[in-house]
>>> print(open('coords-v1.cif').read())   # mmCIF, C-alpha atoms
data_my_file
loop_
_atom_site.label_atom_id
_atom_site.label_comp_id
_atom_site.auth_asym_id
_atom_site.auth_seq_id
_atom_site.Cartn_x
_atom_site.Cartn_y
_atom_site.Cartn_z
CA MET A 1403 10.05 101.90 130.83
CA ARG A 1404 12.96 103.70 132.48
CA ILE A 1405 10.63 105.42 134.93
CA ILE A 1406 9.09 102.07 135.94
CA GLU A 1407 12.55 100.59 136.48
CA GLN A 1408 13.62 103.60 138.54
CA THR A 1409 10.47 103.41 140.70
CA SER A 1410 10.91 99.72 141.38
CA PHE A 1411 14.62 100.32 142.17
CA THR A 1412 13.67 103.06 144.68
CA LYS A 1413 11.01 100.81 146.24
CA SER A 1414 13.41 97.91 146.60
CA ASN A 1415 16.02 100.24 148.12
CA LYS A 1416 13.50 101.56 150.64
CA LEU A 1417 12.49 98.02 151.54
CA LYS A 1418 16.11 97.01 152.05
CA GLN A 1419 16.71 100.07 154.21
CA ARG A 1420 13.62 99.32 156.30
CA THR A 1421 14.62 95.69 156.76
CA LYS A 1422 18.09 96.80 157.85
CA GLN A 1423 16.56 99.29 160.27
CA GLU A 1424 14.24 96.63 161.68
CA ARG A 1425 17.15 94.27 162.23
CA GLU A 1426 19.21 96.97 163.96
CA PHE A 1427 16.24 97.98 166.08
CA SER A 1428 15.47 94.39 167.14
CA ALA A 1429 19.08 93.93 168.20
CA ILE A 1430 19.01 97.14 170.24
CA ILE A 1431 15.78 96.14 171.99
CA GLU A 1432 17.17 92.68 172.74
CA LYS A 1433 20.38 94.17 174.13
CA HIS A 1434 18.65 96.79 176.28
CA LYS A 1435 15.43 94.96 177.22
CA LYS A 1436 16.42 95.02 180.88
CA LEU A 1437 16.71 98.80 180.85
CA ILE A 1438 13.19 99.16 179.42
CA TYR A 1439 11.77 96.53 181.75
CA LYS A 1440 13.25 98.16 184.85
CA ILE A 1441 11.77 101.54 183.94
CA ALA A 1442 8.36 100.01 183.16
CA ASN A 1443 8.55 98.09 186.42
CA ALA A 1444 9.25 101.23 188.43
CA TYR A 1445 6.25 103.06 186.92
CA CYS A 1446 3.71 100.21 186.84
CA ASN A 1447 2.98 97.83 189.71
CA ASN A 1448 0.39 95.86 187.79
CA PRO A 1449 2.00 93.17 185.55
CA GLU A 1450 -0.50 93.70 182.70
CA ASP A 1451 0.01 97.48 182.74
CA ARG A 1452 3.76 96.86 182.82
CA LYS A 1453 3.59 94.79 179.64
CA ASP A 1454 1.47 97.47 178.00
CA LEU A 1455 3.92 100.15 179.04
CA PHE A 1456 6.87 98.08 177.75
CA GLN A 1457 5.01 97.78 174.44
CA GLU A 1458 4.30 101.50 174.32
CA ILE A 1459 7.97 102.31 175.00
CA VAL A 1460 9.14 99.96 172.24
CA LEU A 1461 6.66 101.47 169.77
CA GLN A 1462 7.75 105.02 170.57
CA LEU A 1463 11.41 103.97 170.30
CA TRP A 1464 10.72 102.50 166.88
CA LYS A 1465 8.86 105.64 165.80
CA ALA A 1466 11.81 107.80 166.86
CA PHE A 1467 14.49 105.38 165.62
CA PRO A 1468 14.90 106.85 162.09
CA ASN A 1469 15.79 110.21 163.71
CA TYR A 1470 18.25 108.78 166.22
CA ASN A 1471 21.51 110.70 166.17
CA PRO A 1472 24.44 108.26 166.61
CA ALA A 1473 26.54 111.13 168.02
CA PHE A 1474 24.73 110.50 171.33
CA ALA A 1475 24.84 107.28 173.33
CA ILE A 1476 22.02 104.89 172.46
CA THR A 1477 21.22 104.43 176.15
CA THR A 1478 20.80 108.20 176.69
CA TRP A 1479 18.33 108.30 173.81
CA MET A 1480 16.52 105.22 175.15
CA TYR A 1481 16.33 106.57 178.69
CA ARG A 1482 14.80 109.83 177.47
CA ILE A 1483 12.11 108.13 175.43
CA ALA A 1484 11.40 105.36 177.95
CA LEU A 1485 11.10 107.79 180.87
CA ASN A 1486 9.05 110.32 178.92
CA VAL A 1487 6.66 107.62 177.78
CA SER A 1488 6.46 106.13 181.28
CA ILE A 1489 5.64 109.46 182.90
CA SER A 1490 2.99 110.22 180.25
CA TYR A 1491 1.57 106.68 180.44
CA TYR A 1492 1.50 106.81 184.22
CA ARG A 1493 -0.43 110.06 184.06
CA GLN A 1494 -2.99 108.81 181.55
CA SER A 1495 -6.04 106.66 182.07
CA LYS A 1496 -5.16 103.14 183.08
CA ASN A 1497 -7.75 101.85 180.62
CA ARG A 1498 -5.76 103.03 177.66
CA LYS A 1499 -4.60 100.11 175.51
CA ILE A 1500 -2.33 100.12 172.52
CA GLN A 1501 -4.37 99.31 169.45
CA THR A 1502 -1.63 97.94 167.27
CA VAL A 1503 -1.37 94.46 168.67
CA SER A 1504 -3.88 91.89 169.82
CA GLU A 1505 -4.88 91.83 173.48
CA ASN A 1506 -3.22 88.51 174.23
CA GLU A 1507 0.09 89.16 172.54
CA TYR A 1508 2.91 91.13 174.07
CA ILE A 1509 6.30 92.09 172.75
CA LEU A 1510 7.63 91.32 176.21
CA GLU A 1511 7.37 87.76 177.48
CA ILE A 1512 8.04 87.18 181.15
CA ALA A 1513 8.75 83.86 182.78
CA GLU A 1514 7.79 84.07 186.45
CA THR A 1515 10.93 82.44 187.76
CA GLN A 1516 11.98 85.03 190.29
CA ASP A 1517 12.27 83.54 193.74
CA LEU A 1518 10.48 85.98 195.99
CA GLU A 1519 11.47 84.11 199.15
CA ASP A 1520 15.08 85.06 198.56
CA PRO A 1521 15.94 87.78 201.16
CA GLN A 1522 17.73 89.84 198.51
CA ASN A 1523 14.58 89.76 196.38
CA GLU A 1524 12.56 90.82 199.40
CA GLN A 1525 14.78 93.87 199.69
CA LEU A 1526 14.41 94.52 195.97
CA LYS A 1527 10.63 94.39 196.38
CA LEU A 1528 10.88 96.91 199.19
CA LEU A 1529 13.16 99.15 197.12
CA HIS A 1530 10.59 99.06 194.30
CA GLN A 1531 7.85 99.88 196.75
CA PHE A 1532 9.78 102.85 198.15
CA ILE A 1533 10.64 104.10 194.66
CA SER A 1534 6.98 103.84 193.65
CA GLU A 1535 6.15 106.24 196.51
CA LEU A 1536 8.38 108.94 194.98
CA LYS A 1537 7.15 111.73 192.71
CA GLU A 1538 7.33 110.99 188.98
CA LEU A 1539 10.41 113.06 188.20
CA ASP A 1540 12.21 111.96 191.38
CA LYS A 1541 11.48 108.38 190.34
CA ALA A 1542 13.13 109.00 186.96
CA LEU A 1543 16.11 110.57 188.70
CA ILE A 1544 16.71 107.71 191.15
CA ILE A 1545 16.33 105.05 188.40
CA LEU A 1546 19.00 106.82 186.35
CA TYR A 1547 21.23 107.05 189.42
CA LEU A 1548 20.80 103.40 190.45
CA GLU A 1549 21.52 102.39 186.86
CA GLY A 1550 24.97 103.86 187.39
CA ASN A 1551 24.71 106.93 185.17
CA LYS A 1552 27.00 109.89 185.84
CA HIS A 1553 25.51 113.17 187.08
CA GLU A 1554 26.32 114.81 183.77
CA VAL A 1555 24.40 112.15 181.82
CA ILE A 1556 21.44 112.34 184.22
CA ALA A 1557 21.37 116.14 183.90
CA ASN A 1558 21.36 115.79 180.12
CA ILE A 1559 18.54 113.24 180.10
CA LEU A 1560 16.34 115.13 182.54
CA GLY A 1561 17.13 118.66 181.38
CA ILE A 1562 18.23 120.16 184.70
CA SER A 1563 21.60 121.39 186.01
CA LYS A 1564 24.33 119.04 187.29
CA SER A 1565 24.46 120.73 190.71
CA ASN A 1566 20.73 120.27 191.05
CA ILE A 1567 21.12 116.55 190.36
CA ALA A 1568 23.58 116.05 193.23
CA THR A 1569 21.31 117.81 195.74
CA LYS A 1570 18.22 115.91 194.64
CA ILE A 1571 19.95 112.51 194.62
CA GLY A 1572 21.24 113.18 198.15
CA ARG A 1573 17.71 113.91 199.37
CA ILE A 1574 16.16 110.86 197.72
CA LYS A 1575 18.90 108.54 199.00
CA THR A 1576 18.38 109.80 202.54
CA ARG A 1577 14.65 109.19 202.17
CA LEU A 1578 15.14 105.65 200.87
CA LYS A 1579 17.66 104.80 203.60
CA LYS A 1580 15.27 106.10 206.26
CA ARG A 1581 12.48 103.93 204.89
CA PHE A 1582 14.72 100.84 205.13
CA GLU A 1583 15.90 101.79 208.64
CA ASN A 1584 12.33 102.34 209.83
CA LEU A 1585 11.47 98.85 208.66
CA LYS A 1586 14.35 97.32 210.61
CA LYS A 1587 13.16 99.07 213.77
CA MET B 163 22.14 100.86 204.76
CA ASN B 164 24.79 102.60 202.71
CA GLU B 165 24.77 103.89 199.15
CA GLN B 166 26.46 100.82 197.67
CA GLU B 167 23.92 98.50 199.28
CA LEU B 168 21.09 100.38 197.55
CA ILE B 169 22.85 100.03 194.20
CA ASN B 170 23.54 96.33 194.86
CA ILE B 171 19.88 95.65 195.61
CA TRP B 172 18.89 97.42 192.38
CA ASN B 173 21.46 95.54 190.33
CA GLU B 174 20.41 92.21 191.79
CA GLN B 175 17.37 92.20 189.49
CA ASP B 176 19.68 92.12 186.46
CA ASN B 177 20.58 88.46 187.07
CA ASN B 178 16.96 87.39 187.27
CA LEU B 179 15.80 89.54 184.37
CA GLU B 180 18.34 88.18 181.91
CA LYS B 181 16.81 84.73 182.37
CA SER B 182 13.17 85.62 182.85
CA ILE B 183 12.37 88.18 180.18
CA ALA B 184 12.34 87.62 176.47
CA VAL B 185 11.46 89.87 173.58
CA ASN B 186 8.94 88.44 171.13
CA GLN B 187 10.97 89.24 168.02
CA HIS B 188 8.25 88.04 165.66
CA LEU B 189 5.67 90.37 167.14
CA LEU B 190 8.18 93.19 167.27
CA LYS B 191 8.69 92.90 163.52
CA THR B 192 5.06 92.49 162.58
CA VAL B 193 3.77 95.44 164.55
CA THR B 194 2.66 98.13 162.12
CA MET B 195 3.88 101.35 163.52
CA ASP B 196 1.74 103.53 161.32
CA LYS B 197 -1.31 102.56 163.30
CA ILE B 198 -0.04 104.01 166.54
CA LYS B 199 -2.75 106.21 167.94
CA SER B 200 -1.07 108.31 170.53
CA MET B 201 -2.67 111.11 172.45
CA LEU B 202 -0.67 113.59 170.38
CA THR B 203 -1.83 112.16 167.06
CA ILE B 204 -5.49 112.46 168.05
CA PHE B 205 -4.90 115.98 169.39
CA ARG B 206 -3.14 116.97 166.15
CA ARG B 207 -5.91 115.57 163.95
CA THR B 208 -8.60 117.35 165.99
CA ASN B 209 -6.73 120.63 165.60
CA ILE B 210 -6.24 120.18 161.86
CA PHE B 211 -9.96 119.41 161.47
CA GLU B 212 -10.91 122.47 163.54
CA LEU B 213 -8.50 124.60 161.55
CA ILE B 214 -10.06 123.53 158.23
CA VAL B 215 -13.62 124.15 159.52
CA ASN B 216 -12.59 127.55 160.93
CA PHE B 217 -10.97 128.57 157.64
CA ILE B 218 -14.05 127.53 155.63
CA PHE B 219 -16.32 129.48 157.97
CA LEU B 220 -13.94 132.46 157.90
CA PHE B 221 -14.05 132.62 154.08
CA TRP B 222 -17.82 132.26 154.16
CA LEU B 223 -17.96 135.13 156.69
CA VAL B 224 -15.79 137.38 154.47
CA ASN B 225 -18.26 136.80 151.67
CA PHE B 226 -21.17 137.47 154.02
CA ILE B 227 -19.59 140.74 155.21
CA LYS B 228 -19.05 141.87 151.60
CA ILE B 229 -22.75 141.35 150.83
CA HIS B 230 -24.02 143.00 154.01
CA LEU B 231 -21.63 145.93 154.28
CA GLU B 232 -24.49 148.41 154.50
CA SER B 233 -26.39 146.71 157.30
CA MET B 234 -24.85 147.75 160.62
CA VAL B 235 -26.52 144.89 162.54
CA PHE B 236 -25.17 142.13 160.30
CA LEU B 237 -21.82 143.86 160.01
CA ILE B 238 -21.35 143.93 163.80
CA ALA B 239 -22.68 140.37 164.19
CA SER B 240 -20.38 138.97 161.51
CA ALA B 241 -17.42 141.02 162.78
CA ILE B 242 -17.81 139.41 166.23
CA LEU B 243 -17.85 135.96 164.64
CA TYR B 244 -14.90 136.92 162.41
CA LEU B 245 -12.81 137.85 165.45
CA LEU B 246 -13.81 134.62 167.17
CA MET B 247 -12.76 132.58 164.13
CA LEU B 248 -9.43 134.42 163.92
CA ALA B 249 -8.76 133.71 167.61
CA SER B 250 -9.67 130.04 167.06
CA ILE B 251 -7.32 129.80 164.09
CA VAL B 252 -4.45 131.33 166.08
CA TYR B 253 -5.18 128.88 168.91
CA ASN B 254 -5.26 125.89 166.50
CA ILE B 255 -1.99 126.94 164.85
CA TYR B 256 -0.33 127.41 168.25
CA ASN B 257 -1.52 123.93 169.31
CA LEU B 258 -0.13 122.39 166.14
CA TYR B 259 3.17 124.16 166.75
CA LEU B 260 3.24 122.73 170.30
CA VAL B 261 2.51 119.20 169.04
CA LYS B 262 5.24 119.49 166.43
CA SER B 263 7.75 120.67 169.02
CA ILE B 264 7.06 117.70 171.30
CA THR B 265 9.40 114.83 170.64
CA TYR B 266 10.04 112.15 173.21
CA ASP B 267 13.78 112.29 172.60
CA THR B 268 14.17 115.76 174.09
CA SER B 269 14.85 116.21 177.81
CA ILE B 270 12.22 114.81 180.15
CA VAL B 271 11.46 118.04 181.99
CA GLU B 272 11.03 119.97 178.72
CA THR B 273 8.79 117.35 177.08
CA GLN B 274 6.58 116.82 180.11
CA GLN B 275 6.21 120.57 180.62
CA LYS B 276 5.01 121.01 177.03
CA ILE B 277 2.56 118.11 177.30
CA GLU B 278 1.08 119.42 180.53
CA ARG B 279 0.85 122.98 179.15
CA MET B 280 -1.00 121.65 176.14
CA LYS B 281 -3.52 119.90 178.37
CA LEU B 282 -3.91 123.07 180.43
CA TYR B 283 -4.58 125.26 177.35
CA LYS B 284 -7.14 122.75 176.15
CA LYS B 285 -8.98 123.01 179.45
CA TYR B 286 -8.79 126.82 179.39
CA SER B 287 -10.25 126.86 175.89
CA ILE B 288 -13.15 124.67 177.00
CA ASN B 289 -13.78 126.99 179.96
CA ALA B 290 -13.64 130.00 177.63
CA LEU B 291 -16.67 128.59 175.80
CA TYR B 292 -18.82 129.48 178.77
CA VAL B 293 -18.00 133.16 178.25
CA LEU B 294 -18.09 132.96 174.46
CA ILE B 295 -21.52 131.31 174.26
CA PRO B 296 -23.49 134.33 175.57
CA ILE B 297 -21.41 136.75 173.48
CA THR B 298 -21.67 134.88 170.21
CA SER B 299 -25.07 133.15 170.39
CA VAL B 300 -27.08 136.11 169.00
CA PRO B 301 -24.57 137.02 166.24
CA PHE B 302 -24.49 133.34 165.31
CA ILE B 303 -28.23 132.85 164.82
CA LEU B 304 -28.54 136.22 163.07
CA VAL B 305 -25.75 135.53 160.58
CA LEU B 306 -26.66 131.88 159.92
CA ALA B 307 -30.37 132.63 159.42
CA LYS B 308 -29.57 135.45 157.02
CA GLY B 309 -26.75 133.67 155.21
CA PHE B 310 -28.39 130.28 154.69
CA LEU B 311 -32.15 130.95 154.83
CA ASN B 312 -32.21 134.65 153.92
CA ILE B 313 -34.30 135.35 157.04
CA ASP B 314 -33.77 138.62 158.89
CA LEU B 315 -34.25 137.50 162.49
CA TYR B 316 -33.35 140.98 163.73
CA GLN B 317 -36.46 142.36 162.05
CA ILE B 318 -38.67 139.37 162.86
CA LEU B 319 -37.77 138.88 166.53
CA GLY B 320 -36.92 142.45 167.47
CA VAL B 321 -34.24 143.87 169.78
CA THR B 322 -36.07 143.03 173.00
CA TYR B 323 -36.34 139.33 172.14
CA LEU B 324 -32.65 139.18 171.16
CA TRP B 325 -31.68 140.74 174.49
CA ILE B 326 -33.81 138.15 176.26
CA PHE B 327 -32.13 135.47 174.14
CA THR B 328 -28.66 136.78 175.18
CA LEU B 329 -29.68 136.85 178.83
CA GLY B 330 -31.03 133.32 178.47
CA SER B 331 -27.77 132.04 177.02
CA LEU B 332 -25.88 133.90 179.77
CA ILE B 333 -27.96 132.15 182.42
CA ILE B 334 -27.40 128.78 180.72
CA ALA B 335 -23.63 129.40 180.50
CA LEU B 336 -23.47 130.49 184.15
CA SER B 337 -25.49 127.44 185.19
CA VAL B 338 -23.13 125.15 183.30
CA VAL B 339 -20.09 126.82 184.93
CA TRP B 340 -21.71 126.54 188.35
CA PHE B 341 -22.54 122.88 187.70
CA ILE B 342 -18.98 122.09 186.58
CA LYS B 343 -17.54 123.81 189.64
CA GLN B 344 -19.55 121.45 191.83
CA PHE B 345 -17.37 118.65 190.46
CA PRO B 346 -13.73 119.80 190.64
CA ASP B 347 -11.83 118.79 187.54
CA GLU B 348 -9.32 116.23 188.82
CA GLU B 349 -7.34 116.15 185.60
CA MET B 350 -6.95 119.93 185.63
CA GLU B 351 -5.81 119.85 189.26
CA LYS B 352 -3.35 117.05 188.48
CA THR B 353 -2.01 119.00 185.50
CA ASN B 354 -1.57 122.11 187.62
CA SER B 355 0.15 120.19 190.39
CA PHE B 356 2.44 118.37 187.94
CA LEU B 357 3.43 121.70 186.36
CA SER B 358 4.27 122.96 189.86
CA GLU B 359 6.21 119.74 190.47
CA ILE B 360 8.24 120.36 187.29
CA GLN B 361 8.92 123.95 188.41
CA ARG B 362 10.10 122.75 191.82
CA PHE B 363 12.18 120.00 190.22
CA ARG B 364 13.91 122.54 187.98
CA ALA B 365 14.57 124.97 190.87
#
>>> encode(input="coords-v1.cif", output="structure tokens")
Amino acid sequence: MRIIEQTSFTKSNKLKQRTKQEREFSAIIEKHKKLIYKIANAYCNNPEDRKDLFQEIVLQLWKAFPNYNPAFAITTWMYRIALNVSISYYRQSKNRKIQTVSENEYILEIAETQDLEDPQNEQLKLLHQFISELKELDKALIILYLEGNKHEVIANILGISKSNIATKIGRIKTRLKKRFENLKK
Amino acid sequence: MNEQELINIWNEQDNNLEKSIAVNQHLLKTVTMDKIKSMLTIFRRTNIFELIVNFIFLFWLVNFIKIHLESMVFLIASAILYLLMLASIVYNIYNLYLVKSITYDTSIVETQQKIERMKLYKKYSINALYVLIPITSVPFILVLAKGFLNIDLYQILGVTYLWIFTLGSLIIALSVVWFIKQFPDEEMEKTNSFLSEIQRFRA
């Protein structure tokens, strides 16, 4: 009798813990959905692929969530997973679909309200296009930079030295600026 | 265009995104994470399966060697297969170690390097089959025929036929390699170039 009670107590505790984790995780995803979307957007031009990638990132985040160390910033942890998944996804067959959810349902819902006639949006489109022309790791680097991360944080996420970051960012910025200038000409 | 302008353009999307994207909370909660079939999971399962099969065959071989200790032909044949099995087991264990060491929350360069290396080793192991087939084909049929059917193919077919058989398998293996080389492996080239890209990125 005591064993049965103990087992049911453990089960109920586990369930409570999982529910709490799910709630925390949902809140984190809601708060940082833009971060995930922007990364998915930079790695996938096709809207359907982008939704798939967003889904894949969220699933991998959830898988890794129980091992998240709160000593590190949540965004650093998210950037690492999101960028790693994006690079791997980008390098895999485009036909690959996640098998956990139905084909017509996506965790990410997008309302197509962006006004593409807006000149600022036109520039954003161009910036996305120029970023998509970069190599995979350079793409990750410039996203982290444009997101306003410090060199130290970027170095930590990517796993290269701080001095290396500065040099590489300088080169990519020059390249992007040149692309914009060439268009003006 | 200056640096700040680039950042401003990038940040402009934030205003639109806040309004236009929504997370389907219901779906997020109902997704069963246990069913995730990632590339790594499949790779890990394949390696575990191979490891079990290799171990079973290895134990069977030990038994076979014990029984045929006095026959030089079967001893050499089974020893070749034994070494092959040992090498396969080491390879499977190393792969499993690599899979275990890959976690998406480590640095991007480190994770991607491990993933690409894993793909590269897999390709190398497939290519190695073309060398291993001619070497192991005769020992394989000799040991299996003796072990399962108690037929001594060495006596029945004779040395000359077995040499012809080896040469035949060598020609088949070479033909397969030649055929594959006619169609360059794009994935392998991409893996190699991405590894070089990582090296350059780190430099």
>>> residues_around(input="coords-v1.cif", residues="region 248-258 of chain B", least_positions_apart="3", cutoff="12 Å", atoms="all atoms listed in the file", output="count of residues only")
45
>>> closest_residue(input="coords-v1.cif", among="A:Glu1583, A:Glu1426, A:Glu1554, A:Glu1535", to="chain B", atoms="only C-alpha atoms")
A:Glu1583
>>> closest_residue(input="coords-v1.cif", among="B:Val271, B:Lys228, B:Leu336, B:Ile326", to="chain A", atoms="only C-alpha atoms")
B:Val271
>>> resolve_selection(input="coords-v1.cif", expression="the PyMOL selection byres ((chain A and resi 1582) around 9)", output="ChimeraX atom specification")
/A:1525,1528-1529,1532,1577-1581,1583-1587 /B:163
>>> write_last_selection(input="coords-v1.cif", atoms="C-alpha atoms", output="PDB file, in the frame of the given file")
ATOM      1  CA  GLN A1525      14.780  93.870 199.690  1.00  0.00           C
ATOM      2  CA  LEU A1528      10.880  96.910 199.190  1.00  0.00           C
ATOM      3  CA  LEU A1529      13.160  99.150 197.120  1.00  0.00           C
ATOM      4  CA  PHE A1532       9.780 102.850 198.150  1.00  0.00           C
ATOM      5  CA  ARG A1577      14.650 109.190 202.170  1.00  0.00           C
ATOM      6  CA  LEU A1578      15.140 105.650 200.870  1.00  0.00           C
ATOM      7  CA  LYS A1579      17.660 104.800 203.600  1.00  0.00           C
ATOM      8  CA  LYS A1580      15.270 106.100 206.260  1.00  0.00           C
ATOM      9  CA  ARG A1581      12.480 103.930 204.890  1.00  0.00           C
ATOM     10  CA  GLU A1583      15.900 101.790 208.640  1.00  0.00           C
ATOM     11  CA  ASN A1584      12.330 102.340 209.830  1.00  0.00           C
ATOM     12  CA  LEU A1585      11.470  98.850 208.660  1.00  0.00           C
ATOM     13  CA  LYS A1586      14.350  97.320 210.610  1.00  0.00           C
ATOM     14  CA  LYS A1587      13.160  99.070 213.770  1.00  0.00           C
TER      15      LYS A1587
ATOM     16  CA  MET B 163      22.140 100.860 204.760  1.00  0.00           C
TER      17      MET B 163
END
>>> resolve_selection(input="coords-v1.cif", expression="the PyMOL selection byres ((chain B and resi 303) around 12)", output="number ranges by chain")
B: 236, 239-240, 243, 295-302, 304-316, 319, 324, 327-328
>>> write_last_selection(input="coords-v1.cif", atoms="C-alpha atoms", output="compact mmCIF listing (two decimals), in the coordinates of the input")
# COMPACT_ATOMS: atom_id res chain seq x y z
CA PHE B 236 -25.17 142.13 160.30
CA ALA B 239 -22.68 140.37 164.19
CA SER B 240 -20.38 138.97 161.51
CA LEU B 243 -17.85 135.96 164.64
CA ILE B 295 -21.52 131.31 174.26
CA PRO B 296 -23.49 134.33 175.57
CA ILE B 297 -21.41 136.75 173.48
CA THR B 298 -21.67 134.88 170.21
CA SER B 299 -25.07 133.15 170.39
CA VAL B 300 -27.08 136.11 169.00
CA PRO B 301 -24.57 137.02 166.24
CA PHE B 302 -24.49 133.34 165.31
CA LEU B 304 -28.54 136.22 163.07
CA VAL B 305 -25.75 135.53 160.58
CA LEU B 306 -26.66 131.88 159.92
CA ALA B 307 -30.37 132.63 159.42
CA LYS B 308 -29.57 135.45 157.02
CA GLY B 309 -26.75 133.67 155.21
CA PHE B 310 -28.39 130.28 154.69
CA LEU B 311 -32.15 130.95 154.83
CA ASN B 312 -32.21 134.65 153.92
CA ILE B 313 -34.30 135.35 157.04
CA ASP B 314 -33.77 138.62 158.89
CA LEU B 315 -34.25 137.50 162.49
CA TYR B 316 -33.35 140.98 163.73
CA LEU B 319 -37.77 138.88 166.53
CA LEU B 324 -32.65 139.18 171.16
CA PHE B 327 -32.13 135.47 174.14
CA THR B 328 -28.66 136.78 175.18
>>> resolve_selection(input="coords-v1.cif", expression="the PyMOL selection byres ((chain A and resi 1444) around 8)", output="list of chain:residue names")
A:Lys1440, A:Ile1441, A:Ala1442, A:Asn1443, A:Tyr1445, A:Cys1446, A:Asn1447, A:His1530, A:Ile1533, A:Ser1534, A:Lys1541
>>> closest_residue(input="coords-v1.cif", among="B:Asn289, B:Ser269, B:Asn177, B:Asn170", to="chain A", atoms="all atoms listed in the file")
B:Ser269
>>> atom_distance(input="coords-v1.cif", atom1="CA of Ile1431 (chain A)", atom2="CA of Phe1467 (chain A)")
11.3 Å
>>> closest_residue(input="coords-v1.cif", among="A:Asp1451, A:Lys1436, A:Pro1468, A:Ile1483", to="Glu1424 (chain A)", atoms="all atoms listed in the file")
A:Pro1468
>>> decode(input="coords-v1.cif", residues="region 236-241 of chain B", atoms="all heavy atoms", output="compact mmCIF listing (two decimals), in the first residue's frame")
# COMPACT_ATOMS: atom_id res chain seq x y z
N PHE B 236 40.67 -22.50 -41.76
CA PHE B 236 39.54 -21.87 -41.06
C PHE B 236 40.02 -20.91 -39.97
O PHE B 236 39.35 -19.91 -39.68
CB PHE B 236 38.62 -22.95 -40.46
CG PHE B 236 37.86 -23.68 -41.51
CD1 PHE B 236 38.02 -25.05 -41.69
CD2 PHE B 236 37.01 -23.01 -42.37
CE1 PHE B 236 37.33 -25.72 -42.69
CE2 PHE B 236 36.31 -23.67 -43.36
CZ PHE B 236 36.48 -25.03 -43.53
N LEU B 237 41.17 -21.21 -39.41
CA LEU B 237 41.73 -20.33 -38.38
C LEU B 237 42.08 -18.96 -38.98
O LEU B 237 41.73 -17.91 -38.43
CB LEU B 237 42.98 -20.98 -37.77
CG LEU B 237 43.49 -20.35 -36.48
CD1 LEU B 237 42.47 -20.53 -35.35
CD2 LEU B 237 44.83 -20.95 -36.07
N ILE B 238 42.74 -18.99 -40.14
CA ILE B 238 43.12 -17.73 -40.81
C ILE B 238 41.86 -16.98 -41.25
O ILE B 238 41.73 -15.77 -41.02
CB ILE B 238 44.07 -17.99 -42.01
CG1 ILE B 238 45.42 -18.51 -41.49
CG2 ILE B 238 44.28 -16.71 -42.83
CD1 ILE B 238 46.36 -19.01 -42.57
N ALA B 239 40.95 -17.73 -41.87
CA ALA B 239 39.70 -17.10 -42.37
C ALA B 239 38.93 -16.44 -41.23
O ALA B 239 38.51 -15.28 -41.34
CB ALA B 239 38.84 -18.14 -43.06
N SER B 240 38.77 -17.17 -40.13
CA SER B 240 38.00 -16.60 -39.01
C SER B 240 38.76 -15.47 -38.32
O SER B 240 38.16 -14.52 -37.82
CB SER B 240 37.59 -17.68 -38.02
OG SER B 240 38.68 -18.47 -37.68
N ALA B 241 40.12 -15.57 -38.32
CA ALA B 241 40.91 -14.50 -37.70
C ALA B 241 40.75 -13.18 -38.47
O ALA B 241 40.65 -12.11 -37.87
CB ALA B 241 42.38 -14.90 -37.66
